[in-house]
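Worksheet: the structure to be examined is printed underneath.
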Amino acid sequence: QVQLVESGGGLVQAGGSLRLSCAASGRSVNNNAMAWFRQAPGKERELVAAITWILGSTEYSDAVKGRFTISRDNAKNTVYLQMNSLKPADTGIYYCAALGAYCSGYVCYATQANYGYWGQGTPVTVST
């Protein structure tokens, strides 16, 4: 079992910043990749960013590229999402997920069925 606990969400004005954290615990935490997804009201959940534990390789959706940065601290088993220049369109529930499938690349990371564990989500609201 892997447990994922997100934190750091909240209310912020457009143009502001937030940093989300995802603390992972349990077996085989550091052997694959982690990702952040988000689900806006009335929309499907979508990939925001992903990172591999070992090499720290990253992938981003076009919507957040250049504004968001995903990083990890292997010693703390924690993944972060630094969100800058936030827009109202970034509003949603942000979920952390642990990749269960042995694959890599954007298509792999964007496929939700490839993830074995999900956190409970943390809300982010960006006001105008």
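Order determines the names: the first chain of the structure tokens is A, the second B, and so forth; residues in each chain are numbered 1 upward, and ligands are numbered 1 upward as they are shown.
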
Check which residues of segment 47-77 of chain A sit at most 10 Å from segment 104-116 of chain A using only C-alpha atoms, and return one row each with the closest pair of atoms and their distance in Å to one decimal, ordered by chain and rising number, as JSON lines.
```
{"residue": "A:Leu47", "atom": "CA", "partner": "A:Ala110", "partner_atom": "CA", "distance": 5.3}
{"residue": "A:Val48", "atom": "CA", "partner": "A:Ala110", "partner_atom": "CA", "distance": 8.5}
{"residue": "A:Ala49", "atom": "CA", "partner": "A:Tyr109", "partner_atom": "CA", "distance": 8.3}
{"residue": "A:Ala50", "atom": "CA", "partner": "A:Tyr109", "partner_atom": "CA", "distance": 6.6}
{"residue": "A:Ile51", "atom": "CA", "partner": "A:Tyr109", "partner_atom": "CA", "distance": 9.1}
{"residue": "A:Thr52", "atom": "CA", "partner": "A:Ser104", "partner_atom": "CA", "distance": 8.7}
{"residue": "A:Ser57", "atom": "CA", "partner": "A:Gly105", "partner_atom": "CA", "distance": 9.4}
{"residue": "A:Thr58", "atom": "CA", "partner": "A:Gly105", "partner_atom": "CA", "distance": 8.9}
{"residue": "A:Glu59", "atom": "CA", "partner": "A:Tyr106", "partner_atom": "CA", "distance": 6.2}
{"residue": "A:Tyr60", "atom": "CA", "partner": "A:Tyr106", "partner_atom": "CA", "distance": 7.9}
{"residue": "A:Ser61", "atom": "CA", "partner": "A:Tyr106", "partner_atom": "CA", "distance": 8.5}
```

Nearby residues (only C-alpha atoms) at most 6 Å from Tyr95 of chain A, same-chain spacing under 4 positions excluded, as a list in words: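 Once the nearby chain positions are removed, what remains is Trp36, Phe37, Arg38, Gly119 and Gly121 of chain A.
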
Residues just named, written with N, CA, C and O atoms as a compact mmCIF listing (two decimals), in the first residue's frame:
```txt
# COMPACT_ATOMS: atom_id res chain seq x y z
N TRP A 36 0.92 15.17 -10.64
CA TRP A 36 -0.18 16.01 -10.15
C TRP A 36 -1.23 16.08 -11.26
O TRP A 36 -0.89 16.34 -12.42
N PHE A 37 -2.45 15.84 -10.86
CA PHE A 37 -3.59 16.02 -11.75
C PHE A 37 -4.48 17.11 -11.14
O PHE A 37 -4.36 17.44 -9.95
N ARG A 38 -5.39 17.62 -11.94
CA ARG A 38 -6.37 18.56 -11.40
C ARG A 38 -7.71 18.33 -12.09
O ARG A 38 -7.77 17.87 -13.22
N GLY A 119 -4.12 10.53 -3.95
CA GLY A 119 -4.41 11.24 -2.71
C GLY A 119 -5.85 11.70 -2.69
O GLY A 119 -6.61 11.49 -3.64
N GLY A 121 -6.87 14.79 -2.54
CA GLY A 121 -7.05 16.04 -3.25
C GLY A 121 -6.98 17.25 -2.33
O GLY A 121 -7.32 17.17 -1.14
```

Looking only at the backbone, which of the residues in chain A does DSSP tag as helix (DSSP H, G or I), as a PyMOL selection string? chain A and resi 74-76+88-90+106-110+112-114

I'd like the contact shell of segment 73-80 of chain A - 12 Å cut-off, only C-alpha atoms, skipping same-chain residues fewer than 4 positions apart - returned as JSON, numbers by chain. {"A": [2, 3, 4, 5, 6, 7, 8, 9, 18, 19, 20, 21, 22, 23, 24, 25, 26, 27, 28, 29, 30, 31, 32, 33, 34, 35, 36, 49, 50, 51, 52, 53, 54, 55, 56, 58, 68, 69, 94, 95, 96, 97, 98]}

Near-Val124 of chain A list (8 Å; only C-alpha atoms; drop same-chain fewer than 5 positions) as a VMD selection string: chain A and resid 9 to 12 90 to 94

Just the selected residues (N, CA and C atoms), exported as a compact mmCIF listing (two decimals), in the first residue's frame, please.
```txt
# COMPACT_ATOMS: atom_id res chain seq x y z
N GLY A 9 -3.09 23.61 -0.61
CA GLY A 9 -4.10 24.30 -1.41
C GLY A 9 -4.70 25.48 -0.66
N GLY A 10 -5.46 26.30 -1.37
CA GLY A 10 -6.08 27.45 -0.73
C GLY A 10 -6.63 28.43 -1.74
N LEU A 11 -6.93 29.62 -1.26
CA LEU A 11 -7.46 30.70 -2.08
C LEU A 11 -6.36 31.71 -2.35
N VAL A 12 -6.21 32.09 -3.61
CA VAL A 12 -5.18 33.04 -3.99
C VAL A 12 -5.71 33.93 -5.11
N ASP A 90 -6.88 27.94 -13.42
CA ASP A 90 -6.15 26.93 -12.64
C ASP A 90 -6.96 26.42 -11.45
N THR A 91 -8.13 26.99 -11.23
CA THR A 91 -8.99 26.57 -10.12
C THR A 91 -9.41 25.13 -10.26
N GLY A 92 -9.37 24.39 -9.17
CA GLY A 92 -9.81 23.00 -9.19
C GLY A 92 -9.29 22.23 -7.99
N ILE A 93 -9.61 20.95 -7.97
CA ILE A 93 -9.06 20.05 -6.97
C ILE A 93 -7.79 19.44 -7.54
N TYR A 94 -6.71 19.52 -6.80
CA TYR A 94 -5.42 19.01 -7.24
C TYR A 94 -5.13 17.70 -6.52
```

Determine which residues of chain A receive a DSSP assignment of strand (DSSP E), computed from the backbone, and state them as an MDAnalysis selection string. chainID A and resid 2:7 10:13 18:26 33:39 46:52 58:60 68:73 78:83 92:99 115:118 122:127

So what do you get for atom CA of Met83 of chain A versus atom CA of Ser17 of chain A, distance-wise?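 Distance between the two atoms: 5.4 Å.
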